file input_17.csv (CSV, C-alpha atoms)
chain,number,residue,atom,x,y,z
V,1,ALA,CA,35.6,-60.0,-0.5
V,2,ALA,CA,36.2,-56.3,-1.1
V,3,ARG,CA,34.1,-54.0,1.0
V,4,LEU,CA,31.5,-51.8,-0.8
V,5,PRO,CA,32.5,-48.1,-0.6
V,6,TRP,CA,29.6,-47.2,1.7
V,7,ALA,CA,30.6,-50.0,4.1
V,8,ARG,CA,33.9,-48.4,5.0
V,9,PRO,CA,34.1,-47.4,8.6
V,10,GLY,CA,32.8,-43.9,9.2
V,11,LEU,CA,31.7,-43.3,5.6
V,12,TRP,CA,28.1,-44.3,6.4
V,13,ALA,CA,27.8,-41.3,8.7
V,14,LEU,CA,28.8,-38.8,5.9
V,15,GLY,CA,25.3,-38.6,4.4
V,16,PRO,CA,23.5,-37.7,7.6
V,17,ALA,CA,26.3,-35.3,8.5
V,18,LEU,CA,25.8,-33.5,5.1
V,19,VAL,CA,22.1,-33.3,5.6
V,20,LEU,CA,22.6,-31.9,9.1
V,21,ALA,CA,25.0,-29.4,7.8
V,22,GLN,CA,22.5,-28.2,5.2
V,23,LEU,CA,19.9,-27.9,7.9
V,24,VAL,CA,22.2,-25.8,10.1
V,25,VAL,CA,23.4,-23.5,7.3
V,26,ASN,CA,19.9,-22.9,5.8
V,27,TYR,CA,17.6,-23.1,8.8
V,28,ARG,CA,17.2,-19.4,9.2
V,29,ASP,CA,16.3,-18.8,5.6
V,30,MET,CA,13.9,-21.8,5.4
V,31,ASP,CA,12.3,-21.4,8.8
V,32,GLN,CA,8.5,-20.8,8.2
V,33,SER,CA,7.4,-21.4,11.8
V,34,ASP,CA,6.3,-17.7,12.1
V,35,ASN,CA,5.0,-17.3,8.6
V,36,ARG,CA,1.6,-15.7,9.1
V,37,TYR,CA,2.2,-12.9,6.6
V,38,VAL,CA,-0.6,-13.6,4.2
V,39,TYR,CA,-3.0,-14.0,7.2
V,40,ARG,CA,-1.9,-10.6,8.6
V,41,TYR,CA,-2.0,-9.1,5.1
V,42,GLY,CA,-5.7,-10.0,4.9
V,43,MET,CA,-6.3,-8.6,8.4
V,44,MET,CA,-4.5,-5.5,7.3
V,45,HIS,CA,-7.4,-4.9,4.8
V,46,LEU,CA,-10.2,-6.0,7.1
V,47,GLU,CA,-9.8,-5.6,10.8
V,48,ARG,CA,-10.0,-1.8,11.1
V,49,LEU,CA,-12.8,-1.1,8.6
V,50,PRO,CA,-15.9,0.7,9.9
V,51,PRO,CA,-19.0,-1.5,10.4
V,52,ASP,CA,-20.8,-2.8,7.3
V,53,ALA,CA,-18.2,-1.5,4.9
V,54,VAL,CA,-18.1,-2.6,1.2
V,55,LEU,CA,-14.7,-3.5,-0.2
V,56,VAL,CA,-14.2,-3.2,-4.0
V,57,VAL,CA,-10.9,-5.0,-4.6
V,58,LYS,CA,-8.4,-6.0,-7.3
V,59,GLY,CA,-5.6,-8.6,-6.9
V,60,ASP,CA,-5.3,-12.3,-6.2
V,61,VAL,CA,-3.5,-11.9,-2.8
V,62,ILE,CA,-6.0,-9.4,-1.5
V,63,THR,CA,-9.0,-11.4,-2.7
V,64,ASN,CA,-7.8,-14.8,-1.5
V,65,SER,CA,-6.5,-13.6,1.9
V,66,ILE,CA,-9.8,-11.8,2.6
V,67,ARG,CA,-11.9,-14.7,1.4
V,68,TYR,CA,-10.0,-17.1,3.6
V,69,LEU,CA,-10.5,-14.9,6.7
V,70,GLN,CA,-14.2,-14.4,6.1
V,71,GLN,CA,-15.1,-17.9,5.0
V,72,CYS,CA,-12.9,-20.0,7.2
V,73,GLU,CA,-12.3,-17.9,10.3
V,74,LYS,CA,-15.5,-15.9,10.2
V,75,VAL,CA,-13.6,-12.6,10.4
V,76,ARG,CA,-15.7,-9.4,9.8
V,77,PRO,CA,-18.8,-11.1,8.2
V,78,ASP,CA,-20.4,-7.6,8.2
V,79,VAL,CA,-18.1,-6.5,5.4
V,80,ASP,CA,-19.1,-7.2,1.7
V,81,HIS,CA,-16.1,-8.1,-0.4
V,82,LEU,CA,-16.5,-7.6,-4.2
V,83,ASP,CA,-13.7,-8.7,-6.5
V,84,GLN,CA,-13.8,-6.5,-9.6
V,85,SER,CA,-12.4,-9.2,-11.9
V,86,MET,CA,-15.0,-11.7,-10.7
V,87,MET,CA,-17.7,-9.1,-11.5
V,88,THR,CA,-16.7,-9.2,-15.1
V,89,TYR,CA,-18.0,-12.7,-15.5
V,90,LYS,CA,-21.6,-13.3,-16.7
V,91,TRP,CA,-22.3,-15.8,-14.0
V,92,PHE,CA,-21.3,-13.4,-11.1
V,93,VAL,CA,-24.6,-11.5,-10.7
V,94,LYS,CA,-26.7,-14.7,-11.3
V,95,LYS,CA,-24.8,-16.8,-8.8
V,96,GLN,CA,-23.3,-14.3,-6.3
V,97,ALA,CA,-25.6,-11.3,-6.1
V,98,ARG,CA,-27.8,-13.1,-3.5
V,99,HIS,CA,-24.8,-13.1,-1.1
V,100,PHE,CA,-24.8,-9.3,-1.2
V,101,PRO,CA,-28.4,-8.2,-0.4
V,102,GLY,CA,-27.3,-4.7,0.5
V,103,VAL,CA,-25.5,-4.1,-2.9
V,104,THR,CA,-27.3,-3.1,-6.1
V,105,PHE,CA,-25.9,-4.4,-9.4
V,106,PRO,CA,-27.4,-2.2,-12.2
V,107,ASN,CA,-27.1,-4.7,-15.0
V,108,GLU,CA,-26.0,-8.3,-15.8
V,109,VAL,CA,-22.2,-7.9,-15.9
V,110,TYR,CA,-19.5,-5.4,-15.0
V,111,HIS,CA,-18.4,-4.4,-18.6
V,112,PRO,CA,-19.0,-0.8,-19.7
V,113,TYR,CA,-18.9,-1.7,-23.4
V,114,LYS,CA,-21.5,-4.4,-23.6
V,115,PRO,CA,-25.3,-3.8,-23.9
V,116,GLU,CA,-26.0,-5.9,-20.9
V,117,GLY,CA,-23.1,-4.4,-19.0
V,118,TYR,CA,-22.6,-1.7,-16.5
V,119,SER,CA,-19.7,0.6,-15.7
V,120,MET,CA,-18.1,1.2,-12.3
V,121,GLN,CA,-19.7,4.7,-12.4
V,122,LEU,CA,-23.2,3.2,-12.9
V,123,PHE,CA,-22.4,0.7,-10.1
V,124,LEU,CA,-21.4,3.4,-7.7
V,125,ASP,CA,-24.3,5.6,-8.8
V,126,ALA,CA,-26.7,2.8,-8.0
V,127,ASN,CA,-25.3,2.5,-4.5
V,128,THR,CA,-24.7,6.2,-3.7
V,129,LEU,CA,-27.7,6.6,-1.4
V,130,ASP,CA,-26.3,3.7,0.7
V,131,MET,CA,-22.8,5.2,0.9
V,132,GLY,CA,-23.6,7.3,4.0
V,133,ALA,CA,-24.6,4.2,5.9
V,134,ARG,CA,-22.2,1.7,4.2
V,135,PRO,CA,-18.8,3.2,3.5
V,136,TYR,CA,-17.2,2.0,0.2
V,137,PHE,CA,-13.5,1.3,0.0
V,138,LEU,CA,-11.2,0.5,-3.0
V,139,CYS,CA,-8.4,-1.9,-2.4
V,140,GLY,CA,-5.7,-2.7,-5.1
V,141,GLY,CA,-6.9,0.0,-7.5
V,142,TRP,CA,-9.6,0.3,-10.2
V,143,TYR,CA,-10.0,-2.6,-12.6
V,144,HIS,CA,-10.5,-0.1,-15.4
V,145,ASP,CA,-10.0,3.7,-15.5
V,146,GLU,CA,-13.2,5.2,-16.8
V,147,ALA,CA,-12.1,8.8,-16.6
V,148,PRO,CA,-9.5,10.1,-19.1
V,149,SER,CA,-5.9,10.0,-18.0
V,150,ASN,CA,-5.5,13.7,-18.3
V,151,GLN,CA,-8.2,14.0,-15.6
V,152,GLY,CA,-6.4,11.6,-13.3
V,153,GLY,CA,-8.2,8.4,-14.3
V,154,GLY,CA,-10.5,6.7,-11.9
V,155,VAL,CA,-14.3,6.9,-12.0
V,156,PRO,CA,-16.1,10.1,-13.1
V,157,GLY,CA,-18.0,11.7,-10.3
V,158,TYR,CA,-16.0,9.9,-7.5
V,159,VAL,CA,-12.8,10.5,-5.7
V,160,THR,CA,-10.7,8.4,-3.3
V,161,ARG,CA,-8.7,9.2,-0.2
V,162,PRO,CA,-6.0,6.8,1.2
V,163,MET,CA,-7.1,5.0,4.3
V,164,GLY,CA,-4.9,2.2,5.6
V,165,ALA,CA,-4.3,-0.5,3.0
V,166,CYS,CA,-7.2,0.8,1.0
V,167,GLU,CA,-8.8,4.0,-0.2
V,168,ARG,CA,-12.2,5.4,0.9
V,169,ILE,CA,-14.5,6.2,-2.1
V,170,TYR,CA,-16.4,9.5,-1.9
V,171,SER,CA,-18.9,11.2,-4.2
V,172,GLU,CA,-17.4,14.4,-5.6
V,173,GLY,CA,-18.5,17.3,-3.5
V,174,GLU,CA,-19.0,15.2,-0.4
V,175,LEU,CA,-15.5,15.1,0.9
V,176,PRO,CA,-15.2,15.6,4.7
V,177,PRO,CA,-12.6,18.1,6.0
V,178,MET,CA,-9.0,17.1,5.7
V,179,GLU,CA,-8.5,16.7,9.4
V,180,GLU,CA,-11.4,14.2,9.6
V,181,TRP,CA,-10.3,11.8,6.9
V,182,VAL,CA,-6.7,12.1,8.0
V,183,ARG,CA,-7.8,11.1,11.5
V,184,ASP,CA,-9.6,8.1,10.1
V,185,ALA,CA,-6.6,7.2,7.9
V,186,ASP,CA,-4.3,7.2,10.9
V,187,PHE,CA,-6.7,4.9,12.8
V,188,MET,CA,-6.6,2.5,9.8
V,189,GLU,CA,-2.8,2.5,9.3
V,190,PRO,CA,-1.5,-1.0,8.9
V,191,ASP,CA,0.0,-2.4,12.1
V,192,PHE,CA,2.0,-5.6,11.6
V,193,SER,CA,5.6,-6.7,11.1
V,194,PRO,CA,6.1,-7.5,7.4
V,195,PRO,CA,8.6,-10.1,6.2
V,196,SER,CA,12.2,-9.3,5.6
V,197,VAL,CA,12.8,-7.4,2.3
V,198,HIS,CA,15.2,-10.1,1.2
V,199,LYS,CA,13.7,-13.4,2.5
V,200,TYR,CA,11.1,-14.0,-0.2
V,201,GLY,CA,11.5,-13.9,-4.0
V,202,GLU,CA,9.3,-11.7,-6.1
V,203,GLU,CA,7.2,-14.7,-7.3
V,204,MET,CA,6.0,-15.4,-3.7
V,205,TRP,CA,2.9,-14.0,-2.0
V,206,GLU,CA,4.9,-13.1,1.1
V,207,HIS,CA,6.9,-10.7,-1.1
V,208,VAL,CA,3.6,-9.1,-2.2
V,209,THR,CA,2.6,-8.6,1.4
V,210,GLN,CA,5.9,-6.9,2.2
V,211,VAL,CA,5.7,-4.6,-0.8
V,212,ASP,CA,2.1,-3.7,-0.3
V,213,TYR,CA,2.6,-3.0,3.5
V,214,TRP,CA,5.2,-0.3,2.8
V,215,LEU,CA,3.1,1.1,-0.1
V,216,ALA,CA,0.1,1.3,2.2
V,217,ARG,CA,2.2,3.2,4.8
V,218,HIS,CA,3.4,5.6,2.1
V,219,LYS,CA,0.0,6.4,0.5
V,220,LEU,CA,-1.1,9.0,3.0
V,221,PRO,CA,2.0,11.1,3.3
V,222,HIS,CA,2.5,11.0,-0.5
V,223,PHE,CA,-1.1,12.1,-1.0
V,224,LEU,CA,-0.7,15.0,1.4
V,225,LEU,CA,2.5,16.1,-0.4
V,226,GLU,CA,0.7,16.1,-3.7
V,227,TYR,CA,-2.3,17.9,-2.2
V,228,ALA,CA,0.0,20.6,-0.8
V,229,THR,CA,1.9,21.0,-4.1
V,230,GLU,CA,-1.5,21.6,-5.9
V,231,HIS,CA,-2.6,24.1,-3.2
V,232,GLU,CA,0.2,26.6,-3.1
V,233,ASP,CA,2.3,24.6,-0.5
V,234,ASP,CA,-0.6,24.2,1.9
V,235,GLN,CA,1.3,24.3,5.3
V,236,GLU,CA,-1.2,22.1,7.1
V,237,ALA,CA,-0.9,19.3,4.6
V,238,LEU,CA,2.9,19.6,4.6
V,239,GLN,CA,3.1,19.5,8.4
V,240,LEU,CA,0.9,16.3,8.4
V,241,ALA,CA,3.1,14.8,5.6
V,242,ALA,CA,6.3,15.7,7.4
V,243,VAL,CA,5.4,13.9,10.6
V,244,ARG,CA,4.4,10.8,8.7
V,245,TYR,CA,7.4,10.7,6.4
V,246,GLU,CA,9.7,11.0,9.5
V,247,ASN,CA,7.9,8.1,11.1
V,248,LEU,CA,7.9,6.0,7.9
V,249,VAL,CA,11.6,6.5,7.1
V,250,GLY,CA,12.5,5.9,10.7
V,251,THR,CA,10.7,2.5,10.8
V,252,HIS,CA,11.7,1.2,7.4
V,253,PRO,CA,14.6,-1.2,7.6
V,254,ASP,CA,16.1,-0.1,4.3
V,255,ALA,CA,14.4,3.1,3.2
V,256,PRO,CA,14.3,3.3,-0.6
V,257,ASP,CA,15.4,6.5,-2.5
V,258,TYR,CA,11.9,7.7,-3.3
V,259,LEU,CA,10.9,7.8,0.4
V,260,LEU,CA,14.0,9.8,1.2
V,261,LYS,CA,13.5,12.1,-1.7
V,262,ASN,CA,9.9,12.8,-0.9
V,263,ALA,CA,10.7,13.5,2.7
V,264,GLY,CA,13.3,16.0,1.6
V,265,ILE,CA,10.8,17.7,-0.7
V,266,VAL,CA,8.2,18.0,2.1
V,267,PHE,CA,10.7,19.7,4.4
V,268,GLY,CA,12.0,21.9,1.6
V,269,ARG,CA,8.4,23.2,1.1
V,270,LEU,CA,7.6,23.4,4.8
V,271,ARG,CA,8.2,26.8,6.5
V,272,GLY,CA,9.7,26.0,9.9
V,273,GLU,CA,12.7,26.7,12.0
V,274,HIS,CA,14.5,23.4,11.2
V,275,SER,CA,12.7,22.5,8.0
V,276,HIS,CA,15.7,23.1,5.7
V,277,CYS,CA,18.1,21.2,7.9
V,278,ASN,CA,15.7,18.2,7.7
V,279,MET,CA,15.5,18.7,3.9
V,280,VAL,CA,19.3,18.5,3.6
V,281,TYR,CA,19.4,15.4,5.9
V,282,PHE,CA,16.8,13.4,3.8
V,283,LEU,CA,18.1,14.6,0.4
V,284,SER,CA,21.7,13.7,1.4
V,285,ARG,CA,20.5,10.2,2.4
V,286,TYR,CA,18.7,10.0,-1.0
V,287,LEU,CA,21.9,10.9,-2.9
V,288,ASN,CA,23.8,8.1,-1.0
V,289,VAL,CA,21.4,5.3,-2.0
V,290,THR,CA,19.8,6.4,-5.3
V,291,ASP,CA,20.4,4.7,-8.7
V,292,GLU,CA,18.5,7.4,-10.6
V,293,PRO,CA,20.3,8.9,-13.6
V,294,PRO,CA,22.7,11.8,-12.9
V,295,GLU,CA,20.4,14.3,-14.7
V,296,TYR,CA,17.8,13.6,-11.9
V,297,ALA,CA,20.1,13.2,-8.9
V,298,GLY,CA,22.2,16.2,-10.1
V,299,GLY,CA,19.3,18.6,-9.5
V,300,VAL,CA,18.9,17.3,-5.9
V,301,LEU,CA,22.7,17.6,-5.4
V,302,LYS,CA,22.6,21.2,-6.5
V,303,ILE,CA,19.8,22.0,-4.0
V,304,VAL,CA,21.8,20.5,-1.2
V,305,ARG,CA,25.0,22.3,-2.1
V,306,ASP,CA,23.3,25.7,-2.6
V,307,TYR,CA,21.6,25.5,0.8
V,308,LEU,CA,24.8,24.4,2.6
V,309,ALA,CA,26.6,27.3,0.9
V,310,TYR,CA,23.8,29.7,1.9
V,311,ASP,CA,23.8,28.4,5.5
V,312,ARG,CA,27.6,28.8,5.8
V,313,LEU,CA,27.3,32.4,4.5
V,314,GLN,CA,24.5,33.2,7.1
V,315,ARG,CA,26.6,31.7,9.9
V,316,SER,CA,29.7,33.7,8.9
V,317,THR,CA,27.9,37.1,8.5
V,318,GLY,CA,25.7,36.6,11.6
V,319,PRO,CA,22.1,37.9,12.0
V,320,GLY,CA,21.1,41.1,10.2
call {"tool": "encode", "arguments": {"input": "input_17.csv", "output": "structure tokens"}}
result
Amino acid sequence: AARLPWARPGLWALGPALVLAQLVVNYRDMDQSDNRYVYRYGMMHLERLPPDAVLVVKGDVITNSIRYLQQCEKVRPDVDHLDQSMMTYKWFVKKQARHFPGVTFPNEVYHPYKPEGYSMQLFLDANTLDMGARPYFLCGGWYHDEAPSNQGGGVPGYVTRPMGACERIYSEGELPPMEEWVRDADFMEPDFSPPSVHKYGEEMWEHVTQVDYWLARHKLPHFLLEYATEHEDDQEALQLAAVRYENLVGTHPDAPDYLLKNAGIVFGRLRGEHSHCNMVYFLSRYLNVTDEPPEYAGGVLKIVRDYLAYDRLQRSTGPG
């Protein structure tokens, strides 16, 4: 009788060999043995908060990672965690308010356009007296901008300052000095190794943790740059931003063009002995990697060329 194809000598081993080959080729990409990224992402939002903080959050990954840590691993039970989208449901105050005895809900539901609703402004107003003892933080942005866009959005009567992965909420007129909140922000800077930029697809939570980690690192220097620009190139803010941009670009495995461009802008506005050399360095790197249209990149290229021409002229003519 004729042998079946799979019974031929050696052919039976082909299947396991192909499986083994797939394992060897793809092991590095598929290895999840060290995948603690969502856990560390939740810790990034929780672990360095001051005692008895209140987190006002938006976003599935933020909410679920924090909820897991608090409910399953009993991490930071002193922190109250309020998901803004959950607050928009009618059942939230009835079913959940009892879990937040130190928080006041001024009406039945978070919805500024319903008779039984309240706005975020009313919510913060109702808890303002407690803000000194219980610091409030915003994570993931506001669910709804209640202030007009031409006023910067946000919530009327309140401002935020970047601190770690979140932003501290302050009443207008009660902002601490810059050096104080920058010191607090440095203490709360995220400290974990994010996943590789290329390992996880955009549809995966691990990708969100990687994107949000670098955005969190960027928030403080970017805010300092904007502050300096609005305050006649405030040199203190620019110096603080310059140190942080250098560190951020130096630790990023593949610094994107906007980081390089902003670092160049900071050094271009900073008055210092080597500031313009650093400006040229960062803007040159930006030009090498950017995909921005020529009309945008062309302006940066002109700045670099003009400064290099000026520098060569100065060197050739000497001092005086």
call {"tool": "closest_residue", "arguments": {"input": "input_17.csv", "among": "V:Tyr41, V:Val304, V:Thr160, V:Glu226", "to": "Cys277 (chain V)", "atoms": "only C-alpha atoms"}}
result
V:Val304
call {"tool": "atom_distance", "arguments": {"input": "input_17.csv", "atom1": "CA of Pro194 (chain V)", "atom2": "CA of Leu225 (chain V)"}}
result
25.1 Å
call {"tool": "residues_near_point", "arguments": {"input": "input_17.csv", "point": "(15.0, 13.5, 4.0)", "cutoff": "6 Å", "atoms": "all atoms listed in the file", "output": "JSON, numbers by chain"}}
result
{"V": [260, 263, 264, 279, 281, 282, 283]}
call {"tool": "atom_distance", "arguments": {"input": "input_17.csv", "atom1": "CA of Ser85 (chain V)", "atom2": "CA of Glu203 (chain V)"}}
result
20.9 Å
call {"tool": "residues_near_point", "arguments": {"input": "input_17.csv", "point": "(17.1, 11.2, 0.3)", "cutoff": "10 Å", "atoms": "all atoms listed in the file", "output": "list in words"}}
result
Val249, Ala255, Pro256, Asp257, Tyr258, Leu259, Leu260, Lys261, Asn262, Ala263, Gly264, Ile265, Met279, Val280, Tyr281, Phe282, Leu283, Ser284, Arg285, Tyr286, Leu287, Asn288, Val289, Thr290, Ala297 and Val300 of chain V
call {"tool": "write_last_selection", "arguments": {"input": "input_17.csv", "atoms": "C-alpha atoms", "output": "CSV table (one decimal), in the frame of the given file"}}
result
chain,number,residue,atom,x,y,z
V,249,VAL,CA,11.6,6.5,7.1
V,255,ALA,CA,14.4,3.1,3.2
V,256,PRO,CA,14.3,3.3,-0.6
V,257,ASP,CA,15.4,6.5,-2.5
V,258,TYR,CA,11.9,7.7,-3.3
V,259,LEU,CA,10.9,7.8,0.4
V,260,LEU,CA,14.0,9.8,1.2
V,261,LYS,CA,13.5,12.1,-1.7
V,262,ASN,CA,9.9,12.8,-0.9
V,263,ALA,CA,10.7,13.5,2.7
V,264,GLY,CA,13.3,16.0,1.6
V,265,ILE,CA,10.8,17.7,-0.7
V,279,MET,CA,15.5,18.7,3.9
V,280,VAL,CA,19.3,18.5,3.6
V,281,TYR,CA,19.4,15.4,5.9
V,282,PHE,CA,16.8,13.4,3.8
V,283,LEU,CA,18.1,14.6,0.4
V,284,SER,CA,21.7,13.7,1.4
V,285,ARG,CA,20.5,10.2,2.4
V,286,TYR,CA,18.7,10.0,-1.0
V,287,LEU,CA,21.9,10.9,-2.9
V,288,ASN,CA,23.8,8.1,-1.0
V,289,VAL,CA,21.4,5.3,-2.0
V,290,THR,CA,19.8,6.4,-5.3
V,297,ALA,CA,20.1,13.2,-8.9
V,300,VAL,CA,18.9,17.3,-5.9
call {"tool": "atom_distance", "arguments": {"input": "input_17.csv", "atom1": "CA of Met178 (chain V)", "atom2": "CA of Asp234 (chain V)"}}
result
11.6 Å
call {"tool": "residues_around", "arguments": {"input": "input_17.csv", "residues": "region 179-187 of chain V", "least_positions_apart": "4", "cutoff": "8 Å", "atoms": "only C-alpha atoms", "output": "count of residues only"}}
result
6
call {"tool": "closest_residue", "arguments": {"input": "input_17.csv", "among": "V:Glu174, V:His45, V:Pro16, V:His276", "to": "Asp306 (chain V)", "atoms": "all atoms listed in the file"}}
result
V:His276
call {"tool": "closest_residue", "arguments": {"input": "input_17.csv", "among": "V:Leu248, V:Leu175, V:Ala133, V:Val243", "to": "Val266 (chain V)", "atoms": "all atoms listed in the file"}}
result
V:Val243
call {"tool": "closest_atom_pairs", "arguments": {"input": "input_17.csv", "of": "region 192-227 of chain V", "to": "region 36-39 of chain V", "cutoff": "12 Å", "atoms": "all atoms listed in the file", "output": "JSON lines"}}
result
{"residue": "V:Phe192", "atom": "CA", "partner": "V:Tyr37", "partner_atom": "CA", "distance": 8.9}
{"residue": "V:Ser193", "atom": "CA", "partner": "V:Tyr37", "partner_atom": "CA", "distance": 8.4}
{"residue": "V:Pro194", "atom": "CA", "partner": "V:Tyr37", "partner_atom": "CA", "distance": 6.7}
{"residue": "V:Pro195", "atom": "CA", "partner": "V:Tyr37", "partner_atom": "CA", "distance": 7.0}
{"residue": "V:Ser196", "atom": "CA", "partner": "V:Tyr37", "partner_atom": "CA", "distance": 10.7}
{"residue": "V:Tyr200", "atom": "CA", "partner": "V:Tyr37", "partner_atom": "CA", "distance": 11.3}
{"residue": "V:Met204", "atom": "CA", "partner": "V:Val38", "partner_atom": "CA", "distance": 10.5}
{"residue": "V:Trp205", "atom": "CA", "partner": "V:Val38", "partner_atom": "CA", "distance": 7.1}
{"residue": "V:Glu206", "atom": "CA", "partner": "V:Tyr37", "partner_atom": "CA", "distance": 6.1}
{"residue": "V:His207", "atom": "CA", "partner": "V:Tyr37", "partner_atom": "CA", "distance": 9.3}
{"residue": "V:Val208", "atom": "CA", "partner": "V:Val38", "partner_atom": "CA", "distance": 8.9}
{"residue": "V:Thr209", "atom": "CA", "partner": "V:Val38", "partner_atom": "CA", "distance": 6.6}
{"residue": "V:Gln210", "atom": "CA", "partner": "V:Tyr37", "partner_atom": "CA", "distance": 8.3}
{"residue": "V:Val211", "atom": "CA", "partner": "V:Tyr37", "partner_atom": "CA", "distance": 11.7}
{"residue": "V:Asp212", "atom": "CA", "partner": "V:Val38", "partner_atom": "CA", "distance": 11.2}
{"residue": "V:Tyr213", "atom": "CA", "partner": "V:Tyr37", "partner_atom": "CA", "distance": 10.4}
call {"tool": "residues_around", "arguments": {"input": "input_17.csv", "residues": "Thr63 (chain V)", "least_positions_apart": "4", "cutoff": "12 Å", "atoms": "all atoms listed in the file", "output": "PyMOL selection string"}}
result
chain V and resi 38-39+41-43+45-46+55-59+67-71+80-86+139-140
call {"tool": "closest_residue", "arguments": {"input": "input_17.csv", "among": "V:Gly268, V:Arg244, V:Leu215, V:Val79", "to": "Thr229 (chain V)", "atoms": "all atoms listed in the file"}}
result
V:Gly268
call {"tool": "closest_residue", "arguments": {"input": "input_17.csv", "among": "V:Asp60, V:Gln239, V:Lys302, V:Glu246", "to": "Arg271 (chain V)", "atoms": "all atoms listed in the file"}}
result
V:Gln239
call {"tool": "closest_residue", "arguments": {"input": "input_17.csv", "among": "V:Gln235, V:Ser119, V:Ser65, V:Ser316", "to": "Met87 (chain V)", "atoms": "all atoms listed in the file"}}
result
V:Ser119
call {"tool": "build_atoms", "arguments": {"input": "input_17.csv", "residues": "region 37-50 of chain V", "atoms": "N, CA, C and O atoms", "output": "PDB file, keeping the file's coordinate frame"}}
result
ATOM      1  N   TYR V  37       2.257 -14.197   7.357  1.00  0.00           N
ATOM      2  CA  TYR V  37       2.200 -12.900   6.600  1.00  0.00           C
ATOM      3  C   TYR V  37       1.007 -12.737   5.785  1.00  0.00           C
ATOM      4  O   TYR V  37       0.432 -11.649   5.757  1.00  0.00           O
ATOM      5  N   VAL V  38       0.566 -13.772   5.074  1.00  0.00           N
ATOM      6  CA  VAL V  38      -0.600 -13.600   4.200  1.00  0.00           C
ATOM      7  C   VAL V  38      -1.863 -13.467   5.105  1.00  0.00           C
ATOM      8  O   VAL V  38      -2.775 -12.697   4.772  1.00  0.00           O
ATOM      9  N   TYR V  39      -1.894 -14.158   6.233  1.00  0.00           N
ATOM     10  CA  TYR V  39      -3.000 -14.000   7.200  1.00  0.00           C
ATOM     11  C   TYR V  39      -3.035 -12.531   7.670  1.00  0.00           C
ATOM     12  O   TYR V  39      -4.091 -11.888   7.659  1.00  0.00           O
ATOM     13  N   ARG V  40      -1.895 -12.009   8.097  1.00  0.00           N
ATOM     14  CA  ARG V  40      -1.900 -10.600   8.600  1.00  0.00           C
ATOM     15  C   ARG V  40      -2.138  -9.635   7.472  1.00  0.00           C
ATOM     16  O   ARG V  40      -2.700  -8.566   7.706  1.00  0.00           O
ATOM     17  N   TYR V  41      -1.766 -10.002   6.258  1.00  0.00           N
ATOM     18  CA  TYR V  41      -2.000  -9.100   5.100  1.00  0.00           C
ATOM     19  C   TYR V  41      -3.553  -8.996   4.914  1.00  0.00           C
ATOM     20  O   TYR V  41      -4.058  -7.891   4.692  1.00  0.00           O
ATOM     21  N   GLY V  42      -4.275 -10.118   5.001  1.00  0.00           N
ATOM     22  CA  GLY V  42      -5.700 -10.000   4.900  1.00  0.00           C
ATOM     23  C   GLY V  42      -6.326  -9.228   6.029  1.00  0.00           C
ATOM     24  O   GLY V  42      -7.224  -8.410   5.814  1.00  0.00           O
ATOM     25  N   MET V  43      -5.806  -9.417   7.248  1.00  0.00           N
ATOM     26  CA  MET V  43      -6.300  -8.600   8.400  1.00  0.00           C
ATOM     27  C   MET V  43      -6.005  -7.161   8.217  1.00  0.00           C
ATOM     28  O   MET V  43      -6.781  -6.317   8.664  1.00  0.00           O
ATOM     29  N   MET V  44      -4.885  -6.850   7.561  1.00  0.00           N
ATOM     30  CA  MET V  44      -4.500  -5.500   7.300  1.00  0.00           C
ATOM     31  C   MET V  44      -5.636  -4.751   6.516  1.00  0.00           C
ATOM     32  O   MET V  44      -5.874  -3.550   6.678  1.00  0.00           O
ATOM     33  N   HIS V  45      -6.315  -5.495   5.655  1.00  0.00           N
ATOM     34  CA  HIS V  45      -7.400  -4.900   4.800  1.00  0.00           C
ATOM     35  C   HIS V  45      -8.734  -4.931   5.544  1.00  0.00           C
ATOM     36  O   HIS V  45      -9.621  -4.139   5.195  1.00  0.00           O
ATOM     37  N   LEU V  46      -8.904  -5.825   6.516  1.00  0.00           N
ATOM     38  CA  LEU V  46     -10.200  -6.000   7.100  1.00  0.00           C
ATOM     39  C   LEU V  46     -10.448  -5.460   8.477  1.00  0.00           C
ATOM     40  O   LEU V  46     -11.486  -4.856   8.755  1.00  0.00           O
ATOM     41  N   GLU V  47      -9.470  -5.660   9.376  1.00  0.00           N
ATOM     42  CA  GLU V  47      -9.800  -5.600  10.800  1.00  0.00           C
ATOM     43  C   GLU V  47     -10.204  -4.180  11.260  1.00  0.00           C
ATOM     44  O   GLU V  47     -10.980  -4.068  12.218  1.00  0.00           O
ATOM     45  N   ARG V  48      -9.732  -3.105  10.632  1.00  0.00           N
ATOM     46  CA  ARG V  48     -10.000  -1.800  11.100  1.00  0.00           C
ATOM     47  C   ARG V  48     -11.086  -1.032  10.297  1.00  0.00           C
ATOM     48  O   ARG V  48     -11.296   0.160  10.480  1.00  0.00           O
ATOM     49  N   LEU V  49     -11.730  -1.743   9.395  1.00  0.00           N
ATOM     50  CA  LEU V  49     -12.800  -1.100   8.600  1.00  0.00           C
ATOM     51  C   LEU V  49     -13.964  -0.736   9.487  1.00  0.00           C
ATOM     52  O   LEU V  49     -14.263  -1.415  10.479  1.00  0.00           O
ATOM     53  N   PRO V  50     -14.665   0.341   9.156  1.00  0.00           N
ATOM     54  CA  PRO V  50     -15.900   0.700   9.900  1.00  0.00           C
ATOM     55  C   PRO V  50     -16.955  -0.393   9.678  1.00  0.00           C
ATOM     56  O   PRO V  50     -16.885  -1.161   8.719  1.00  0.00           O
TER      57      PRO V  50
END
